[in-house]
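Asker: Below is a structure I'd like to ask you about.
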Amino acid sequence: MGNQVFDGALEKGARCQRLSREEAYCLAEAVTPDRLHRLGAAALANRQRRYGRQATYVFNLQINPSNICGSGCTFCNYAASKNAPHAYVLEESEIFEQVERLNPTEVHIVGGLNQIWPYHRNLELVRSLRSRFADLHIKAYTAVEIDYFAQTAGLSAMTVLDQLQEAGMDAMPGGGAEIFSDRLYRRHWKNKTSPGDWVRIHQLAHSKGIGTNATMLFGFGDTWDERIEHLLILRRAQDQSGGFSCFIPLPFQPGAGNFIEKGPTPLETLTVMAISRLLLDNILHLKSYWPMTGLETGAAGLSWGADDMDGTISQEKIAHLAGAATPVGLAREKMVETIHTAGFTPVERDGRFSPRSRPA
């Protein structure tokens with residue numbers, strides 16, 4: 001019976017049809033070499049139905065204003081106390097200089113929870129970026145940060161979103177979701193936004209026409225059941241509000257001295273990628289986030305369901321402070337070469353996943 005359900009799930013998934021809960025769970029059961037190969041083939045068929053051989057990337061800049069953070073998540077090597085050796089704080093002038101020098105299509109702004117960069121300073125940063133760089137796509141602040149801004153400024157999350165949107169914010173990143181497991185939430189990040197509030201804040205953003213990313217951190221003690229439930233919760237939320245632009249599975253980076261010595265293997269990462277593509281029928285894009293998968297596994301992800309490799313990501317700090325061995329940024333030419341080598345046609349896009357034509 002299990003094989004029958006698995007076979008049916010692969011056939012439906014390859015045709016971009018919705019899988020039942022039973023079929024979703026069956027995909028992750030007893031993944032033998034034969035099943036693994038078939039999972040990858042079905043995910044590839046799904047992404048080819050959607051996008052053919054095209055694979056997109058964006059010319060972007062990661063802005064992390066500070067890594068000083070008091071949330072105390074057990075798995076984070078990025079966060080620092082004020083006096084830690086790796087603590088830093090950027091000034092607005094440094095951020096504007098980076099954007100001016102690199103001229104990215106998109107900026108991705110994520111920082112720590114602190115009062116050195118409080119809500120109103122972040123709000124003015126968005127406003128200043130919009131006034132200085134009119135065409136820049138500004139993707140800014142996780143649901144965790146929106147929640148923190150609301151609490152510390154004495155505002156509702158909706159008011160914070162209203163003000164950020166008025167200042168020029170275009171979209172929200174998907175960080176802070178971790179994995180929707182109360183067991184792991186209580187153990188690893190109980191001082192910040194709960195799984196339910198993460199979904200609620202994203203759906204508030206969707207109600208205002210703000211597109212958002214969705215993520216899942218995996219490989220730090222989570223089970224396959226928890227991973228499948230996370231994907232099902234995202235699928236249900238997307239049915240309700242429809243604002244998730246893409247899904248990004250994030251393999252855990254253990255870093256030095258963490259509670260897990262090794263993160264997921266490349267094969268496990270690709271399996272998560274394939275199952276995500278087959279299960280999330282209503283989220284259009286699947287991103288293979290190379291700073292955390294590694295460049296080679298990231299490129300291989302294009303054959304396991306992903307249609308996007310994110311971007312050049314100059315100045316990325318979060319994955320690298322956690323021990324990621326990938327380059328800090330890629331030149332546009334290297335991104336194009338990587339996608340070509342993987343057997344796909346590279347297409348530069350804008351922040352809304354539309355093809356972009358710009359001078360070299």
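Residues in the structure tokens are named by chain (A, B, ... in the order shown) and by number from 1 within that chain; ligands are numbered from 1 in the order shown.
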Counting only C-alpha atoms, what is within 12 Å of Gly8 (chain A), bar same-chain residues fewer than 3 positions away, as a list in words?
Answerer: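 Once the nearby chain positions are removed, what remains is Met1, Gly2, Asn3, Gln4, Val5, Glu11, Lys12, Gly13, Ala14, Arg15, Gln17, Arg18, Leu19, Ser20, Glu22, Glu23, Ala24, Cys26, Leu27, Arg38, Leu39, Ala42 and Leu278 of chain A.
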Asker: With N, CA, C and O atoms retained, export the selected residues as a PDB file, in the first residue's frame.
Answerer:
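Final file, part.pdb:
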ATOM      1  N   MET A   1       0.833  -1.208   0.000  1.00  0.00           N
ATOM      2  CA  MET A   1       0.000   0.000   0.000  1.00  0.00           C
ATOM      3  C   MET A   1       0.867   1.257   0.000  1.00  0.00           C
ATOM      4  O   MET A   1       0.625   2.223  -0.706  1.00  0.00           O
ATOM      5  N   GLY A   2       1.981   1.224   0.818  1.00  0.00           N
ATOM      6  CA  GLY A   2       2.881   2.368   0.896  1.00  0.00           C
ATOM      7  C   GLY A   2       3.461   2.721  -0.454  1.00  0.00           C
ATOM      8  O   GLY A   2       3.570   3.899  -0.818  1.00  0.00           O
ATOM      9  N   ASN A   3       3.860   1.706  -1.234  1.00  0.00           N
ATOM     10  CA  ASN A   3       4.429   1.953  -2.555  1.00  0.00           C
ATOM     11  C   ASN A   3       3.399   2.570  -3.494  1.00  0.00           C
ATOM     12  O   ASN A   3       3.733   3.418  -4.324  1.00  0.00           O
ATOM     13  N   GLN A   4       2.140   2.114  -3.362  1.00  0.00           N
ATOM     14  CA  GLN A   4       1.066   2.662  -4.199  1.00  0.00           C
ATOM     15  C   GLN A   4       0.869   4.152  -3.921  1.00  0.00           C
ATOM     16  O   GLN A   4       0.744   4.960  -4.842  1.00  0.00           O
ATOM     17  N   VAL A   5       0.850   4.519  -2.655  1.00  0.00           N
ATOM     18  CA  VAL A   5       0.679   5.927  -2.279  1.00  0.00           C
ATOM     19  C   VAL A   5       1.871   6.739  -2.758  1.00  0.00           C
ATOM     20  O   VAL A   5       1.723   7.843  -3.301  1.00  0.00           O
ATOM     21  N   GLU A  11       3.435  10.852  -9.206  1.00  0.00           N
ATOM     22  CA  GLU A  11       2.734  11.169 -10.459  1.00  0.00           C
ATOM     23  C   GLU A  11       1.998  12.497 -10.346  1.00  0.00           C
ATOM     24  O   GLU A  11       2.063  13.342 -11.249  1.00  0.00           O
ATOM     25  N   LYS A  12       1.297  12.698  -9.239  1.00  0.00           N
ATOM     26  CA  LYS A  12       0.573  13.960  -9.045  1.00  0.00           C
ATOM     27  C   LYS A  12       1.544  15.131  -8.893  1.00  0.00           C
ATOM     28  O   LYS A  12       1.347  16.204  -9.475  1.00  0.00           O
ATOM     29  N   GLY A  13       2.596  14.920  -8.102  1.00  0.00           N
ATOM     30  CA  GLY A  13       3.562  15.991  -7.881  1.00  0.00           C
ATOM     31  C   GLY A  13       4.262  16.409  -9.162  1.00  0.00           C
ATOM     32  O   GLY A  13       4.494  17.598  -9.388  1.00  0.00           O
ATOM     33  N   ALA A  14       4.607  15.461  -9.994  1.00  0.00           N
ATOM     34  CA  ALA A  14       5.274  15.775 -11.264  1.00  0.00           C
ATOM     35  C   ALA A  14       4.376  16.609 -12.165  1.00  0.00           C
ATOM     36  O   ALA A  14       4.865  17.393 -12.987  1.00  0.00           O
ATOM     37  N   ARG A  15       3.042  16.470 -11.996  1.00  0.00           N
ATOM     38  CA  ARG A  15       2.088  17.246 -12.803  1.00  0.00           C
ATOM     39  C   ARG A  15       1.642  18.524 -12.085  1.00  0.00           C
ATOM     40  O   ARG A  15       0.695  19.180 -12.513  1.00  0.00           O
ATOM     41  N   GLN A  17       0.145  18.825  -9.260  1.00  0.00           N
ATOM     42  CA  GLN A  17      -1.151  18.682  -8.605  1.00  0.00           C
ATOM     43  C   GLN A  17      -0.972  18.581  -7.097  1.00  0.00           C
ATOM     44  O   GLN A  17       0.082  18.198  -6.604  1.00  0.00           O
ATOM     45  N   ARG A  18      -2.023  18.898  -6.363  1.00  0.00           N
ATOM     46  CA  ARG A  18      -1.951  18.922  -4.900  1.00  0.00           C
ATOM     47  C   ARG A  18      -1.886  17.512  -4.319  1.00  0.00           C
ATOM     48  O   ARG A  18      -2.641  16.622  -4.698  1.00  0.00           O
ATOM     49  N   LEU A  19      -0.984  17.346  -3.337  1.00  0.00           N
ATOM     50  CA  LEU A  19      -0.848  16.083  -2.632  1.00  0.00           C
ATOM     51  C   LEU A  19      -1.658  16.115  -1.340  1.00  0.00           C
ATOM     52  O   LEU A  19      -1.784  17.163  -0.697  1.00  0.00           O
ATOM     53  N   SER A  20      -2.187  14.968  -0.965  1.00  0.00           N
ATOM     54  CA  SER A  20      -2.894  14.853   0.309  1.00  0.00           C
ATOM     55  C   SER A  20      -1.878  14.783   1.455  1.00  0.00           C
ATOM     56  O   SER A  20      -0.675  14.596   1.232  1.00  0.00           O
ATOM     57  N   GLU A  22      -1.593  12.357   3.565  1.00  0.00           N
ATOM     58  CA  GLU A  22      -1.039  10.999   3.544  1.00  0.00           C
ATOM     59  C   GLU A  22       0.071  10.894   2.505  1.00  0.00           C
ATOM     60  O   GLU A  22       1.141  10.320   2.758  1.00  0.00           O
ATOM     61  N   GLU A  23      -0.167  11.448   1.324  1.00  0.00           N
ATOM     62  CA  GLU A  23       0.852  11.397   0.270  1.00  0.00           C
ATOM     63  C   GLU A  23       2.089  12.199   0.661  1.00  0.00           C
ATOM     64  O   GLU A  23       3.223  11.789   0.381  1.00  0.00           O
ATOM     65  N   ALA A  24       1.876  13.332   1.324  1.00  0.00           N
ATOM     66  CA  ALA A  24       3.008  14.160   1.763  1.00  0.00           C
ATOM     67  C   ALA A  24       3.904  13.382   2.717  1.00  0.00           C
ATOM     68  O   ALA A  24       5.135  13.370   2.582  1.00  0.00           O
ATOM     69  N   CYS A  26       4.107  10.181   3.031  1.00  0.00           N
ATOM     70  CA  CYS A  26       4.667   9.015   2.357  1.00  0.00           C
ATOM     71  C   CYS A  26       5.956   9.359   1.608  1.00  0.00           C
ATOM     72  O   CYS A  26       6.870   8.538   1.511  1.00  0.00           O
ATOM     73  N   LEU A  27       6.053  10.591   1.102  1.00  0.00           N
ATOM     74  CA  LEU A  27       7.255  10.997   0.369  1.00  0.00           C
ATOM     75  C   LEU A  27       8.510  10.908   1.238  1.00  0.00           C
ATOM     76  O   LEU A  27       9.610  10.663   0.731  1.00  0.00           O
ATOM     77  N   ARG A  38      13.783   8.724  -7.805  1.00  0.00           N
ATOM     78  CA  ARG A  38      12.460   9.022  -8.344  1.00  0.00           C
ATOM     79  C   ARG A  38      11.904  10.338  -7.799  1.00  0.00           C
ATOM     80  O   ARG A  38      11.204  11.073  -8.501  1.00  0.00           O
ATOM     81  N   LEU A  39      12.215  10.651  -6.545  1.00  0.00           N
ATOM     82  CA  LEU A  39      11.825  11.943  -5.971  1.00  0.00           C
ATOM     83  C   LEU A  39      12.431  13.089  -6.778  1.00  0.00           C
ATOM     84  O   LEU A  39      11.755  14.060  -7.135  1.00  0.00           O
ATOM     85  N   ALA A  42      10.775  13.431 -10.217  1.00  0.00           N
ATOM     86  CA  ALA A  42       9.442  14.043 -10.158  1.00  0.00           C
ATOM     87  C   ALA A  42       9.540  15.541  -9.891  1.00  0.00           C
ATOM     88  O   ALA A  42       8.816  16.346 -10.492  1.00  0.00           O
ATOM     89  N   LEU A 278       7.387  19.319  -4.567  1.00  0.00           N
ATOM     90  CA  LEU A 278       6.216  18.499  -4.847  1.00  0.00           C
ATOM     91  C   LEU A 278       5.037  18.855  -3.954  1.00  0.00           C
ATOM     92  O   LEU A 278       3.883  18.775  -4.373  1.00  0.00           O
TER      93      LEU A 278
END
Asker: Extract, using only C-alpha atoms, all DNA, RNA and protein residues at most 7 Å from region 340-356 of chain A, discarding same-chain residues fewer than 5 positions from it, and format them as a PDB file with C-alpha atoms, in the first residue's frame.
Answerer:
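Once written, result36.pdb looks like this:
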ATOM      1  CA  ARG A  53      15.141  25.066 -18.338  1.00  0.00           C
ATOM      2  CA  GLN A  54      15.244  28.643 -17.066  1.00  0.00           C
ATOM      3  CA  ALA A  55      16.839  29.374 -13.699  1.00  0.00           C
ATOM      4  CA  THR A  56      16.752  32.847 -12.217  1.00  0.00           C
ATOM      5  CA  TYR A  57      19.066  34.893 -10.022  1.00  0.00           C
ATOM      6  CA  VAL A  58      19.102  38.471  -8.746  1.00  0.00           C
ATOM      7  CA  THR A 105      18.722  45.495  -8.059  1.00  0.00           C
ATOM      8  CA  GLU A 106      17.623  44.429  -4.573  1.00  0.00           C
ATOM      9  CA  HIS A 137      13.723  46.734  -4.521  1.00  0.00           C
ATOM     10  CA  ALA A 299      23.459  24.365  -8.386  1.00  0.00           C
ATOM     11  CA  ALA A 300      22.395  20.703  -8.108  1.00  0.00           C
TER      12      ALA A 300
END
Asker: Using DSSP on the backbone coordinates, identify the residues of region 103-248 of chain A assigned to strand (DSSP E); present them as number ranges by chain.
Answerer: A: 106-109, 137-140, 171-172, 211-218, 244-248
Asker: Can you write out the residues you just picked, keeping C-alpha atoms, as a CSV table (one decimal), in the first residue's frame?
Answerer:
chain,number,residue,atom,x,y,z
A,106,GLU,CA,17.6,44.4,-4.6
A,107,VAL,CA,18.7,44.9,-1.0
A,108,HIS,CA,17.9,42.4,1.7
A,109,ILE,CA,17.9,44.0,5.2
A,137,HIS,CA,13.7,46.7,-4.5
A,138,ILE,CA,13.7,46.9,-0.7
A,139,LYS,CA,13.1,43.6,1.0
A,140,ALA,CA,13.4,44.3,4.7
A,171,ALA,CA,8.7,43.0,0.5
A,172,MET,CA,9.7,40.9,3.6
A,211,GLY,CA,4.9,39.9,-0.8
A,212,THR,CA,7.1,37.8,1.5
A,213,ASN,CA,9.4,34.8,1.5
A,214,ALA,CA,8.9,31.6,3.5
A,215,THR,CA,11.7,29.6,4.9
A,216,MET,CA,12.4,26.4,6.9
A,217,LEU,CA,15.5,25.7,8.9
A,218,PHE,CA,16.3,22.0,9.1
A,244,PHE,CA,4.4,34.0,-0.4
A,245,SER,CA,6.6,34.6,-3.4
A,246,CYS,CA,9.0,31.8,-2.8
A,247,PHE,CA,10.0,29.1,-0.4
A,248,ILE,CA,13.6,28.7,0.8
Asker: Rounded to one decimal in Å, what is the spacing between CA of Ala153 (chain A) and CA of Leu234 (chain A)?
Answerer: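 About the pair CA of Ala153 (chain A) and CA of Leu234 (chain A): they are 28.7 Å apart.
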Asker: Ranking A:Ile146, A:Leu123, A:Arg187, A:Ile283 by minimum distance to Ala167 (chain A) and counting only C-alpha atoms, which one comes first?
Answerer: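 Looking at the shortest contact to Ala167 (chain A), the residue is A:Leu123.
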Asker: Name the closest residue to Ile116 (chain A) among the candidates A:Ile68, A:Ala41, A:Val272, A:Leu161; distances are taken between atoms, counting only C-alpha atoms.
Answerer: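 Closest candidate: A:Ile68.
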Asker: Report, in Å with one decimal, the straight-line distance from CA of Glu100 (chain A) to CA of Pro118 (chain A).
Answerer: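 We find that CA of Glu100 (chain A) and CA of Pro118 (chain A) lie 23.9 Å from each other.
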Asker: Between A:Pro65, A:Pro291, A:Val160, A:His202, which is the closest to Glu94 (chain A) once you count only C-alpha atoms?
Answerer: A:Pro65
Asker: List the spatial neighbours of Ile233 (chain A) as a list in words - criterion: any atom at most 12 Å away, only C-alpha atoms, same-chain residues fewer than 6 positions off excluded.
Answerer: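 The residues that qualify are Arg21, Ala177, Ile179, Phe180, Ser181, Pro195, Gly196, Trp198, Val199, Arg200, Ala214, Thr215, Met216, Glu226, Arg227, Asp239, Gln240, Leu279 and Leu280 of chain A.
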Asker: Taking into account only C-alpha atoms, which residue in the set A:Gly70, A:Val31, A:Thr312, A:Leu184 is nearest to Asp222 (chain A)?
Answerer: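 Among the listed residues, the smallest separation from Asp222 (chain A) belongs to A:Leu184.
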